[in-house]
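Comments concern the structure below.
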Amino acid sequence: MAEEQINQNEQEAEVANPEDLRAQRLRKMQAIKDAGGNPYGHRVDGIVDSVAAKAAYVDENTEVVKKVAGRLVSRRIMGKSLFAHILDQQGRIQLYVQKNVVGDDEYAAFKDLDIGDIISAEGALFVTRTGECSLRVNKFELLSKAIRPLPEKYHGLTDTEQRYRQRYLDLISNEDVRKTFTMRSKIVSEIRNYLDSHGFMEVETPMMQPLAGGAAACPFTTHYNALDATMYLRIATELYLKRLVVGGFEKVYEIGRNFRNEGMDRKHNPEFTSIEIYQAYSDCRGMMELIEDMVCHVAMKLYGSLTFKREDGVEISLERPWRVATYTDLIKAKMGDDWFELPIETQRAKARELGLRITDDMEEKDVTQEVYDKAIEQTLIQPTFVTRLPAFLVPLAKRCEDDPRFVDVYELEINGQEISPGYSELNDPIEQRARFDQQLIGRGDVEGEVNRIDEDFLTALEHGMPPTGGLGMGIDRLVMLLTGAPSIRDVILFPQMKLQ
């Protein structure tokens, strides 16, 4: 009866005004201070995590004493004893507190704790009748008083907006979210392990640059007071990494943040993490082999499988070899074998039949790219290397030797989105300058792009860069793929949100 009454009181507290609960907890905190206590604790030595503690249990005849710490997330009081759970980074462990063991005052103090308080507890391990490894507490200590209650009695946040804005509550409340970000850390670590074991060197290049180059994107701008100069947050690491290849670092990579002053949606965040990898004396095919092997290695190492399910149940298989299809063949398969011979008016009309927004001033290349972007890319669910792209799309790649209209590149599409582009890098400084010049024709700064050429990069190329293969990969999108997350916001700890 006592247990039922206390649970009922907790249910009533759940629906109380949050500010009333906060005021109640503030009074408890002040009472601890008035009694000479410290509601915000101190360093605690000798703590083991919940998984290690439970693993240390031997049998009922062997006493193993451990000290654990974490956030109080549940409590069930049964007269002169109670069960509680605390949560740490590794998971949960159950505590068993008895009045006749800890004493009347300490037992009353434990009962007066609030869900959300952070405590340490020490005691002997045992297994309950239900088979749960637990800690029989002989002493405990309050380390941090939670002034605000956790949401929904630890059933998790249901408001998506609140989950992203208050990620700390999301992590406390949702085990799956903690697993996603734990796995993200392991994915990045395994990528590093793979590249390091293959002779690549990790480097760091500037995030604040005098020119925003290496990609076609709108940069964020800032002002450097000491130089009285406009600077740009980088949109890509490419041009600085290629300088390092010129300098003799033949196998380099960088994992870091890029910034693009553009829209936000399920696949895009203005601040995102990518990796770029460059290998001298390689080419586009070498990069295809590298990315395929690396992604499969990471998947097998961390998941033991090459098959993953989306949230809607669709399976994605990373089994090798991955499909290879040219850009032109994909367009013809969608729009007809005669697409590239059709008059522009007919192309525009056929594209509009797909529901695409095609304006009367769009040229053939623009209409074709719109078809690819909006009607083809999203259909490429299984891994597909899209190769031989039109040269105007990729100004930093070598042209195909058999047809200069195309460049020797790939775009790796998985789950309907680009995961990685890779190139046979353009190392001819004369052609590179011509490509830059062509890219700037008719382009002003109306969209915030920088209408200047990176002369220092061209100077570096003129000193000689060996034939080189390069690739980039969106870390956030790879994590989405491997964890089944439906949105990029689900794999970025603190995604950009609209200002409140």
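Following the order of the structure tokens, first chain is A, next is B, and so on, with residues numbered from 1 inside each chain and ligands from 1 in the order they appear.
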Just list as an mmCIF file with C-alpha atoms, in the first residue's frame whatever in range 199-331 of chain A DSSP marks as alpha helix (DSSP H).
data_model
loop_
_atom_site.group_PDB
_atom_site.id
_atom_site.type_symbol
_atom_site.label_atom_id
_atom_site.label_comp_id
_atom_site.auth_asym_id
_atom_site.auth_seq_id
_atom_site.Cartn_x
_atom_site.Cartn_y
_atom_site.Cartn_z
ATOM 1 C CA GLU A 238 40.413 20.884 -50.862
ATOM 2 C CA LEU A 239 42.715 23.677 -51.981
ATOM 3 C CA TYR A 240 44.846 23.666 -48.832
ATOM 4 C CA LEU A 241 45.177 19.880 -48.826
ATOM 5 C CA LYS A 242 46.363 19.991 -52.446
ATOM 6 C CA ARG A 243 49.014 22.516 -51.415
ATOM 7 C CA LEU A 244 50.286 19.839 -49.033
ATOM 8 C CA VAL A 245 50.480 17.307 -51.875
ATOM 9 C CA VAL A 246 52.561 19.862 -53.784
ATOM 10 C CA CYS A 284 39.468 8.528 -59.688
ATOM 11 C CA ARG A 285 39.437 4.716 -59.814
ATOM 12 C CA GLY A 286 41.912 4.534 -56.966
ATOM 13 C CA MET A 287 39.600 6.728 -54.902
ATOM 14 C CA MET A 288 36.605 4.529 -55.792
ATOM 15 C CA GLU A 289 38.502 1.512 -54.511
ATOM 16 C CA LEU A 290 39.517 3.392 -51.366
ATOM 17 C CA ILE A 291 36.063 4.685 -50.399
ATOM 18 C CA GLU A 292 34.403 1.333 -51.125
ATOM 19 C CA ASP A 293 36.933 -0.567 -49.031
ATOM 20 C CA MET A 294 36.916 1.979 -46.198
ATOM 21 C CA VAL A 295 33.126 2.156 -45.817
ATOM 22 C CA CYS A 296 32.811 -1.641 -45.913
ATOM 23 C CA HIS A 297 35.632 -1.968 -43.386
ATOM 24 C CA VAL A 298 33.943 0.457 -40.981
ATOM 25 C CA ALA A 299 30.563 -1.269 -41.366
ATOM 26 C CA MET A 300 31.969 -4.730 -40.722
ATOM 27 C CA LYS A 301 34.192 -3.590 -37.855
ATOM 28 C CA LEU A 302 31.413 -1.847 -35.969
ATOM 29 C CA TYR A 303 28.292 -3.726 -37.047
ATOM 30 C CA TYR A 327 25.874 10.322 -65.723
ATOM 31 C CA THR A 328 24.820 10.179 -69.375
ATOM 32 C CA ASP A 329 23.441 6.638 -69.131
ATOM 33 C CA LEU A 330 21.345 7.542 -66.082
ATOM 34 C CA ILE A 331 19.898 10.562 -67.868
#
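Here CA of Glu413 in chain A stands at a distance of 6.2 Å from CA of Leu380 in chain A.
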**Message:** Among range 198-366 of chain A, which residues does DSSP mark as strand (DSSP E or B) when it is run on the backbone? Keep the chain and numbering as in the structure and answer as JSON, numbers by chain.
**Reply:** {"A": [201, 202, 208, 209, 221, 222, 223, 224, 229, 230, 231, 232, 233, 251, 252, 253, 254, 255, 256, 257, 258, 259, 265, 268, 271, 272, 273, 274, 275, 276, 277, 278, 279, 280, 307, 308, 309, 315, 316, 317, 323, 324, 325, 326]}
**Message:** Quick one: residues within 9 Å of Val127 in chain A, only C-alpha atoms, excluding same-chain residues fewer than 5 positions away - as an MDAnalysis selection string?
**Reply:** chainID A and resid 57 59:60 132:135
Dump of C-alpha atoms for the selected residues, as an mmCIF file, in the first residue's frame:
data_model
loop_
_atom_site.group_PDB
_atom_site.id
_atom_site.type_symbol
_atom_site.label_atom_id
_atom_site.label_comp_id
_atom_site.auth_asym_id
_atom_site.auth_seq_id
_atom_site.Cartn_x
_atom_site.Cartn_y
_atom_site.Cartn_z
ATOM 1 C CA TYR A 57 29.989 -9.628 -10.009
ATOM 2 C CA ASP A 59 28.542 -15.113 -7.286
ATOM 3 C CA GLU A 60 26.391 -14.858 -4.189
ATOM 4 C CA GLU A 132 19.148 -7.998 -12.303
ATOM 5 C CA CYS A 133 22.684 -7.290 -11.114
ATOM 6 C CA SER A 134 22.391 -4.520 -8.524
ATOM 7 C CA LEU A 135 24.312 -2.643 -5.867
#
**Request:** Provide the CA of Phe83 in chain A to CA of Lys179 in chain A distance in Å, to one decimal place.
**Result:**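 CA of Lys179 in chain A lies at a distance of 25.4 Å from CA of Phe83 in chain A.
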